[in-house]
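*Asks:* Take a look at this one; I'll ask things after.
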Amino acid sequence: VKPSAVRLLAGEEVLGDHSRSEAGHARFCKTCGVRVFGHGHLPMLGGDYYSVNLNCLDDADLTGVPVVYLDGLNNTWARIGATGRMESS
């Protein structure tokens, strides 16, 4: 999602930041190690982005949320289309 759609309400003081470049930051809980969200800038995603671990949202109903599996070993990242869904090979 775009950064304007994300608002952190509490807990920033317990978040760590693992990054190797400005292209991507993995924000994680320093207490339990769970990756809470990520953010960065990737032109192939339309520039600035946030990715949120939906399991970390209070009272989130995940019924019907599409799940997309990617195979990093075989480099299938480019198969995600503009809709965010896998495209046929």
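Starting from 1 in every chain, residues are counted up; chains themselves are A, B, ... following the order of the structure tokens, and ligands are numbered from 1 as listed.
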Considering only strand (DSSP E or B) as DSSP defines it on the backbone, what residues of chain A qualify? List them as number ranges by chain.
*Replies:* A: 15-21, 24-29, 35-42, 47-52, 80, 86
*Asks:* Val34 (chain A): which residues within 12 Å, counting only C-alpha atoms, same-chain residues fewer than 5 positions away excluded, as a ChimeraX atom specification?
*Replies:* /A:14-18,26-29,52-56
*Asks:* So that I have them on file, write out the residues from the current selection with all heavy atoms, as a short mmCIF file (atom, residue, chain, number, x, y, z; two decimals), in the first residue's frame.
*Replies:*
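Below you can see again37.cif, which holds the result:
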```cif
data_model
loop_
_atom_site.label_atom_id
_atom_site.label_comp_id
_atom_site.auth_asym_id
_atom_site.auth_seq_id
_atom_site.Cartn_x
_atom_site.Cartn_y
_atom_site.Cartn_z
N VAL A 14 9.42 -0.06 20.31
CA VAL A 14 9.84 -1.47 20.39
C VAL A 14 10.09 -2.07 19.00
O VAL A 14 10.29 -3.27 18.88
CB VAL A 14 8.82 -2.34 21.16
CG1 VAL A 14 8.72 -1.90 22.60
CG2 VAL A 14 7.47 -2.36 20.49
N LEU A 15 10.10 -1.24 17.97
CA LEU A 15 10.35 -1.74 16.62
C LEU A 15 11.82 -1.60 16.24
O LEU A 15 12.42 -0.55 16.41
CB LEU A 15 9.50 -0.98 15.59
CG LEU A 15 8.00 -1.21 15.66
CD1 LEU A 15 7.30 -0.32 14.63
CD2 LEU A 15 7.66 -2.67 15.44
N GLY A 16 12.36 -2.69 15.72
CA GLY A 16 13.70 -2.66 15.16
C GLY A 16 13.59 -2.48 13.66
O GLY A 16 12.51 -2.60 13.08
N ASP A 17 14.69 -2.17 13.01
CA ASP A 17 14.70 -1.96 11.56
C ASP A 17 15.85 -2.74 10.96
O ASP A 17 17.01 -2.49 11.28
CB ASP A 17 14.86 -0.48 11.26
CG ASP A 17 14.78 -0.14 9.78
OD1 ASP A 17 14.70 -1.07 8.94
OD2 ASP A 17 14.79 1.05 9.46
N HIS A 18 15.51 -3.71 10.14
CA HIS A 18 16.53 -4.48 9.43
C HIS A 18 16.47 -4.06 7.97
O HIS A 18 15.45 -4.20 7.31
CB HIS A 18 16.26 -5.98 9.55
CG HIS A 18 17.21 -6.80 8.75
ND1 HIS A 18 18.52 -7.01 9.13
CD2 HIS A 18 17.06 -7.44 7.56
CE1 HIS A 18 19.12 -7.75 8.21
NE2 HIS A 18 18.26 -8.01 7.26
N ALA A 26 12.72 -3.87 6.87
CA ALA A 26 11.86 -4.82 7.57
C ALA A 26 11.77 -4.37 9.01
O ALA A 26 12.75 -4.40 9.75
CB ALA A 26 12.44 -6.23 7.49
N ARG A 27 10.61 -3.91 9.43
CA ARG A 27 10.40 -3.46 10.81
C ARG A 27 9.89 -4.65 11.62
O ARG A 27 8.96 -5.32 11.22
CB ARG A 27 9.39 -2.31 10.85
CG ARG A 27 9.80 -1.10 10.00
CD ARG A 27 11.11 -0.44 10.42
NE ARG A 27 11.15 -0.02 11.79
CZ ARG A 27 10.83 1.19 12.23
NH1 ARG A 27 10.43 2.11 11.39
NH2 ARG A 27 10.90 1.47 13.51
N PHE A 28 10.54 -4.93 12.74
CA PHE A 28 10.21 -6.10 13.54
C PHE A 28 10.11 -5.72 15.01
O PHE A 28 10.64 -4.70 15.45
CB PHE A 28 11.27 -7.19 13.35
CG PHE A 28 12.63 -6.77 13.83
CD1 PHE A 28 13.06 -7.06 15.11
CD2 PHE A 28 13.49 -6.08 12.98
CE1 PHE A 28 14.31 -6.67 15.56
CE2 PHE A 28 14.74 -5.68 13.43
CZ PHE A 28 15.15 -5.98 14.71
N CYS A 29 9.40 -6.56 15.77
CA CYS A 29 9.26 -6.36 17.21
C CYS A 29 10.56 -6.80 17.89
O CYS A 29 10.98 -7.95 17.74
CB CYS A 29 8.07 -7.16 17.74
SG CYS A 29 7.94 -7.12 19.54
N VAL A 52 2.22 -4.77 5.07
CA VAL A 52 1.82 -4.98 6.46
C VAL A 52 1.53 -6.45 6.70
O VAL A 52 0.85 -7.10 5.91
CB VAL A 52 0.56 -4.14 6.78
CG1 VAL A 52 0.11 -4.36 8.21
CG2 VAL A 52 0.84 -2.66 6.52
N ASN A 53 2.04 -6.99 7.80
CA ASN A 53 1.73 -8.35 8.22
C ASN A 53 0.32 -8.31 8.81
O ASN A 53 0.11 -7.84 9.93
CB ASN A 53 2.74 -8.83 9.26
CG ASN A 53 2.47 -10.23 9.74
OD1 ASN A 53 1.41 -10.80 9.51
ND2 ASN A 53 3.44 -10.81 10.43
N LEU A 54 -0.66 -8.77 8.05
CA LEU A 54 -2.06 -8.69 8.47
C LEU A 54 -2.34 -9.42 9.78
O LEU A 54 -3.26 -9.07 10.50
CB LEU A 54 -2.98 -9.21 7.37
CG LEU A 54 -2.94 -8.43 6.06
CD1 LEU A 54 -3.89 -9.03 5.05
CD2 LEU A 54 -3.25 -6.96 6.29
N ASN A 55 -1.53 -10.40 10.10
CA ASN A 55 -1.71 -11.12 11.37
C ASN A 55 -1.40 -10.25 12.57
O ASN A 55 -1.72 -10.61 13.70
CB ASN A 55 -0.84 -12.38 11.40
CG ASN A 55 -1.32 -13.41 10.43
OD1 ASN A 55 -2.49 -13.77 10.44
ND2 ASN A 55 -0.45 -13.89 9.57
N CYS A 56 -0.77 -9.11 12.36
CA CYS A 56 -0.44 -8.20 13.46
C CYS A 56 -1.54 -7.16 13.72
O CYS A 56 -1.42 -6.37 14.65
CB CYS A 56 0.87 -7.48 13.17
SG CYS A 56 2.29 -8.59 13.19
#
```
*Asks:* Calculate how many Å separate CA of Val67 (chain A) from CA of Val1 (chain A), rounding to one decimal.
*Replies:*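 Pair CA of Val67 (chain A) / CA of Val1 (chain A) returns 15.5 Å.
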*Asks:* What's the separation between CA of Gly40 (chain A) and CA of Ala23 (chain A), in Å to one decimal place?
*Replies:*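 Interatomic distance here is 4.8 Å.
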*Asks:* Please provide as a VMD selection string all residues within 12 Å of Arg7 (chain A), with the sequence filter that same-chain residues fewer than 5 positions apart are discarded (counting only C-alpha atoms).
*Replies:* chain A and resid 1 to 2 12 37 50 52 57
*Asks:* Have a look at CA of Gly64 (chain A) and CA of Leu42 (chain A) and let me know their distance in Å, one decimal.
*Replies:* 27.3 Å
